[in-house]
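Here is final_33.json, consisting of JSON, C-alpha atoms:
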[["chain", "number", "residue", "atom", "x", "y", "z"],
["A", 1235, "MET", "CA", 14.04, -2.91, -3.12],
["A", 1236, "ARG", "CA", 11.44, -5.01, -1.35],
["A", 1237, "ARG", "CA", 8.09, -6.17, -2.74],
["A", 1238, "ILE", "CA", 5.53, -6.37, 0.09],
["A", 1239, "VAL", "CA", 2.05, -7.90, -0.29],
["A", 1240, "VAL", "CA", -0.64, -7.26, 2.32],
["A", 1241, "GLY", "CA", -3.69, -9.48, 2.83],
["A", 1242, "LYS", "CA", -5.58, -10.92, 5.79],
["A", 1243, "ASP", "CA", -4.76, -13.55, 8.37],
["A", 1244, "ALA", "CA", -7.18, -16.28, 9.53],
["A", 1245, "SER", "CA", -8.86, -13.85, 11.96],
["A", 1246, "GLY", "CA", -9.45, -11.21, 9.25],
["A", 1247, "ARG", "CA", -6.73, -8.78, 10.37],
["A", 1248, "SER", "CA", -4.60, -7.09, 7.73],
["A", 1249, "CYS", "CA", -1.07, -8.47, 7.71],
["A", 1250, "VAL", "CA", 1.99, -8.89, 5.50],
["A", 1251, "LEU", "CA", 1.60, -12.06, 3.44],
["A", 1252, "GLU", "CA", 4.90, -11.72, 1.59],
["A", 1253, "ALA", "CA", 8.01, -9.55, 1.80],
["A", 1254, "SER", "CA", 10.80, -10.33, -0.65],
["A", 1255, "GLU", "CA", 13.80, -8.68, -2.25],
["A", 1256, "VAL", "CA", 13.30, -7.80, -5.91],
["A", 1257, "LYS", "CA", 15.96, -9.04, -8.32],
["A", 1258, "PRO", "CA", 15.29, -7.96, -11.93],
["A", 1259, "ALA", "CA", 16.24, -10.42, -14.68],
["A", 1260, "GLU", "CA", 17.97, -9.54, -17.93],
["A", 1261, "VAL", "CA", 15.51, -8.75, -20.73],
["A", 1262, "ARG", "CA", 16.29, -11.10, -23.62],
["A", 1263, "GLY", "CA", 17.35, -9.32, -26.78],
["A", 1264, "SER", "CA", 18.13, -6.04, -25.00],
["A", 1265, "LEU", "CA", 21.38, -4.37, -24.05],
["A", 1266, "ARG", "CA", 21.95, -3.77, -20.33],
["A", 1267, "ILE", "CA", 18.23, -3.83, -19.39],
["A", 1268, "SER", "CA", 16.79, -5.86, -16.52],
["A", 1269, "ALA", "CA", 13.15, -5.94, -15.44],
["A", 1270, "THR", "CA", 10.73, -7.83, -13.24],
["A", 1271, "ALA", "CA", 6.98, -7.69, -12.72],
["A", 1272, "LEU", "CA", 6.03, -6.40, -9.27],
["A", 1273, "PHE", "CA", 2.23, -6.66, -9.29],
["A", 1274, "ALA", "CA", -0.51, -7.21, -11.88],
["A", 1275, "ILE", "CA", -4.28, -6.98, -12.11],
["A", 1276, "ALA", "CA", -5.72, -9.40, -14.68],
["A", 1277, "GLN", "CA", -9.22, -7.96, -15.07],
["A", 1278, "SER", "CA", -10.88, -4.57, -15.38],
["A", 1279, "PRO", "CA", -12.41, -3.49, -13.17],
["A", 1280, "PRO", "CA", -10.70, -5.63, -10.53],
["A", 1281, "PRO", "CA", -12.91, -7.78, -8.29],
["A", 1282, "PRO", "CA", -14.28, -6.22, -5.08],
["A", 1283, "CYS", "CA", -11.92, -6.16, -2.11],
["A", 1284, "ASP", "CA", -12.86, -7.94, 1.10],
["A", 1285, "PRO", "CA", -14.22, -5.29, 3.47],
["A", 1286, "GLY", "CA", -11.85, -4.09, 6.17],
["A", 1287, "THR", "CA", -12.63, -3.98, 9.87],
["A", 1288, "SER", "CA", -11.58, -0.37, 10.48],
["A", 1289, "HIS", "CA", -12.80, 3.05, 9.35],
["A", 1290, "TYR", "CA", -14.06, 3.03, 5.75],
["A", 1291, "GLY", "CA", -12.40, 5.87, 3.84],
["A", 1292, "PRO", "CA", -14.43, 7.73, 1.24],
["A", 1293, "ARG", "CA", -14.47, 6.33, -2.28],
["A", 1294, "SER", "CA", -12.17, 8.53, -4.33],
["A", 1295, "VAL", "CA", -11.44, 6.27, -7.31],
["A", 1296, "GLY", "CA", -14.26, 4.67, -9.30],
["A", 1297, "PRO", "CA", -14.21, 0.97, -10.28],
["A", 1298, "GLY", "CA", -11.58, 0.43, -12.96],
["A", 1299, "HIS", "CA", -10.30, 4.00, -12.63],
["A", 1300, "PHE", "CA", -6.76, 4.88, -11.59],
["A", 1301, "ASN", "CA", -4.99, 7.70, -9.80],
["A", 1302, "MET", "CA", -1.41, 8.45, -8.79],
["A", 1303, "VAL", "CA", -0.63, 10.73, -5.83],
["A", 1304, "LEU", "CA", 2.60, 12.14, -4.41],
["A", 1305, "ILE", "CA", 2.42, 12.19, -0.59],
["A", 1306, "GLU", "CA", 4.86, 14.09, 1.62],
["A", 1307, "HIS", "CA", 4.93, 13.48, 5.36],
["A", 1308, "ALA", "CA", 6.82, 16.01, 7.49],
["A", 1309, "ALA", "CA", 9.31, 14.84, 10.11],
["A", 1310, "TYR", "CA", 7.48, 13.24, 13.02],
["A", 1311, "ASP", "CA", 8.42, 12.32, 16.60],
["A", 1312, "PRO", "CA", 5.96, 9.70, 17.91],
["A", 1313, "ALA", "CA", 7.14, 10.33, 21.49],
["A", 1314, "THR", "CA", 5.94, 13.95, 21.48],
["A", 1315, "GLU", "CA", 3.46, 14.32, 18.59],
["A", 1316, "PRO", "CA", 0.14, 12.71, 17.64],
["A", 1317, "ALA", "CA", 0.09, 10.53, 14.53],
["A", 1318, "PRO", "CA", -0.54, 12.46, 11.28],
["A", 1319, "THR", "CA", -3.61, 10.31, 10.57],
["A", 1320, "PRO", "CA", -5.78, 9.21, 13.48],
["A", 1321, "ASP", "CA", -7.17, 5.83, 12.45],
["A", 1322, "LEU", "CA", -6.64, 2.69, 10.49],
["A", 1323, "HIS", "CA", -8.72, 2.92, 7.32],
["A", 1324, "TRP", "CA", -9.54, 1.00, 4.16],
["A", 1325, "ARG", "CA", -11.11, 1.85, 0.81],
["A", 1326, "ASP", "CA", -12.53, 0.10, -2.25],
["A", 1327, "THR", "CA", -9.16, 0.33, -3.98],
["A", 1328, "ILE", "CA", -6.04, -1.63, -4.66],
["A", 1329, "ASP", "CA", -3.32, 0.67, -3.32],
["A", 1330, "ILE", "CA", 0.32, 0.38, -4.34],
["A", 1331, "VAL", "CA", 2.64, 2.65, -2.33],
["A", 1332, "HIS", "CA", 6.34, 3.18, -3.11],
["A", 1333, "VAL", "CA", 8.73, 4.86, -0.64],
["A", 1334, "LEU", "CA", 10.83, 7.48, -2.47],
["A", 1335, "GLU", "CA", 12.53, 9.17, 0.52],
["A", 1336, "GLY", "CA", 12.64, 8.71, 4.29],
["A", 1337, "GLY", "CA", 10.53, 5.91, 5.67],
["A", 1338, "GLY", "CA", 8.45, 4.82, 8.60],
["A", 1339, "ALA", "CA", 6.05, 1.98, 9.23],
["A", 1340, "MET", "CA", 2.76, 0.76, 7.84],
["A", 1341, "LEU", "CA", 0.41, -0.03, 10.71],
["A", 1342, "LEU", "CA", -1.70, -3.06, 9.81],
["A", 1343, "GLY", "CA", -4.24, -5.04, 11.80],
["A", 1344, "ASP", "CA", -1.50, -7.24, 13.27],
["A", 1345, "GLY", "CA", 1.00, -4.47, 14.05],
["A", 1346, "GLU", "CA", 3.65, -2.25, 12.44],
["A", 1347, "PHE", "CA", 5.72, -3.23, 9.41],
["A", 1348, "PRO", "CA", 8.85, -1.08, 8.81],
["A", 1349, "LEU", "CA", 9.24, 0.56, 5.39],
["A", 1350, "GLY", "CA", 12.28, 2.26, 3.89],
["A", 1351, "ILE", "CA", 13.49, 3.81, 0.66],
["A", 1352, "GLY", "CA", 12.69, 1.59, -2.32],
["A", 1353, "ASP", "CA", 10.03, -0.53, -0.59],
["A", 1354, "THR", "CA", 6.81, -1.07, -2.54],
["A", 1355, "ILE", "CA", 3.69, -2.31, -0.75],
["A", 1356, "TYR", "CA", 0.54, -3.76, -2.39],
["A", 1357, "MET", "CA", -2.67, -3.41, -0.35],
["A", 1358, "PRO", "CA", -5.98, -4.66, -1.82],
["A", 1359, "GLY", "CA", -8.60, -2.96, 0.37],
["A", 1360, "SER", "CA", -6.52, -3.62, 3.49],
["A", 1361, "ASP", "CA", -6.81, -1.86, 6.86],
["A", 1362, "HIS", "CA", -3.75, 0.38, 7.12],
["A", 1363, "LYS", "CA", -2.22, 3.62, 8.38],
["A", 1364, "PHE", "CA", 1.21, 5.03, 7.49],
["A", 1365, "LEU", "CA", 3.40, 6.26, 10.35],
["A", 1366, "PRO", "CA", 6.26, 8.42, 9.03],
["A", 1367, "GLY", "CA", 9.70, 8.10, 10.58],
["A", 1368, "PRO", "CA", 11.63, 10.87, 12.34],
["A", 1369, "ARG", "CA", 12.88, 12.28, 9.00],
["A", 1370, "GLY", "CA", 9.45, 12.18, 7.39],
["A", 1371, "ALA", "CA", 8.70, 10.40, 4.14],
["A", 1372, "LYS", "CA", 7.95, 11.00, 0.48],
["A", 1373, "LEU", "CA", 5.68, 8.38, -1.06],
["A", 1374, "ILE", "CA", 4.06, 7.83, -4.42],
["A", 1375, "ALA", "CA", 0.71, 6.04, -4.23],
["A", 1376, "PHE", "CA", -1.14, 4.40, -7.09],
["A", 1377, "SER", "CA", -4.79, 3.44, -6.58],
["A", 1378, "VAL", "CA", -7.04, 1.31, -8.79],
["A", 1379, "GLY", "CA", -10.73, 1.48, -7.92],
["A", 1380, "THR", "CA", -12.67, -1.72, -7.31],
["A", 1381, "PRO", "CA", -16.44, -2.30, -7.18],
["A", 1382, "PRO", "CA", -17.87, -1.76, -3.69],
["A", 1383, "ALA", "CA", -17.22, -4.47, -1.11],
["A", 1384, "LEU", "CA", -20.28, -6.49, -0.18],
["A", 1385, "GLY", "CA", -22.45, -4.52, 2.22],
["A", 1386, "ILE", "CA", -20.89, -1.13, 1.36],
["A", 1387, "PRO", "CA", -23.22, 1.25, -0.53]]
Kindly transcribe the structure held in the file into structure tokens.
Amino acid sequence: MRRIVVGKDASGRSCVLEASEVKPAEVRGSLRISATALFAIAQSPPPPCDPGTSHYGPRSVGPGHFNMVLIEHAAYDPATEPAPTPDLHWRDTIDIVHVLEGGGAMLLGDGEFPLGIGDTIYMPGSDHKFLPGPRGAKLIAFSVGTPPALGIP
């Protein structure tokens, strides 16, 4: 499993800041249990995200609120079919997406980043678009709403 953190580069484009293998540690006092923290938010609601540079998606999760969505992408051939979603987009949310089946790539401001089964990606208000692979993909997405970015009503 990989833990992937998205942020922005010096020019403001969304990019992968960190990609690392996850190695759970033994939980002291337990029998045969290992765990590791993947991501955390230390305040509620979280602080506003920096605004993206692409299409602003509609607000669907209020500040401090949470939702969890199962997303299924059908098989897709980029050589013969248009992308399932047309544009990069961003929202006032911290999105955490976990790949359950299949895979593909997350298109960010600086290019594509490949994702496969078990990868988990953390995107705080980042410009992004998922491109499913040829076998499609099943994802679970968690979103935590943030206050509006500066300049966004």
CA of Ala1308 (chain A) to CA of Asp1361 (chain A): how many Å, to one decimal? 22.5 Å
Would you mind listing what lies within 12 Å of Met1302 (chain A) as a PyMOL selection string, with all atoms listed in the file counted and same-chain residues fewer than 6 positions away left out? chain A and resi 1294-1295+1328-1332+1373-1379
Limited to C-alpha atoms, could you put the picked residues into a file as a PDB file, in the frame of the given file?
ATOM      1  CA  SER A1294     -12.170   8.530  -4.330  1.00  0.00           C
ATOM      2  CA  VAL A1295     -11.440   6.270  -7.310  1.00  0.00           C
ATOM      3  CA  ILE A1328      -6.040  -1.630  -4.660  1.00  0.00           C
ATOM      4  CA  ASP A1329      -3.320   0.670  -3.320  1.00  0.00           C
ATOM      5  CA  ILE A1330       0.320   0.380  -4.340  1.00  0.00           C
ATOM      6  CA  VAL A1331       2.640   2.650  -2.330  1.00  0.00           C
ATOM      7  CA  HIS A1332       6.340   3.180  -3.110  1.00  0.00           C
ATOM      8  CA  LEU A1373       5.680   8.380  -1.060  1.00  0.00           C
ATOM      9  CA  ILE A1374       4.060   7.830  -4.420  1.00  0.00           C
ATOM     10  CA  ALA A1375       0.710   6.040  -4.230  1.00  0.00           C
ATOM     11  CA  PHE A1376      -1.140   4.400  -7.090  1.00  0.00           C
ATOM     12  CA  SER A1377      -4.790   3.440  -6.580  1.00  0.00           C
ATOM     13  CA  VAL A1378      -7.040   1.310  -8.790  1.00  0.00           C
ATOM     14  CA  GLY A1379     -10.730   1.480  -7.920  1.00  0.00           C
TER      15      GLY A1379
END
Considering only C-alpha atoms, return as a ChimeraX atom specification whatever protein or nucleic-acid residues lie within 7 Å of Ala1371 (chain A), sequence-local ones (same chain, fewer than 4 positions apart) excluded. /A:1306-1308,1335-1337,1366-1367
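For Gly1246 (chain A), the non-local neighbours within 12 Å, defined as residues at least 4 positions apart in the same chain or in other chains and counting only C-alpha atoms, are Val1240, Gly1241, Lys1242, Asp1284, Pro1285, Gly1286, Thr1287, Ser1288, Leu1342, Gly1343, Asp1344, Ser1360 and Asp1361 of chain A.
Proximity to Pro1381 (chain A) at 10 Å, evaluated using all atoms listed in the file and with sequence-adjacent residues fewer than 6 positions away removed, yields Pro1279, Pro1280, Pro1281, Pro1282, Cys1283, Val1295, Gly1296, Pro1297, Gly1298, Asp1326 and Thr1327 of chain A.
Rounded to one decimal, CA of Glu1315 (chain A) and CA of Gly1370 (chain A) lie 12.9 Å from each other.
Closest approach to Pro1318 (chain A) from the set A:Leu1334, A:Met1357, A:Ile1275, A:Lys1363 is made by A:Lys1363, with distances taken over all atoms listed in the file.
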So which residues are close to (8.2, 2.6, 12.9), meaning at most 9 Å away in the file's coordinates with all atoms listed in the file counted, and can you show them as a ChimeraX atom specification? /A:1312,1337-1341,1346-1349,1365-1368
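Here CA of Ser1254 (chain A) stands at a distance of 6.6 Å from CA of Ile1238 (chain A).
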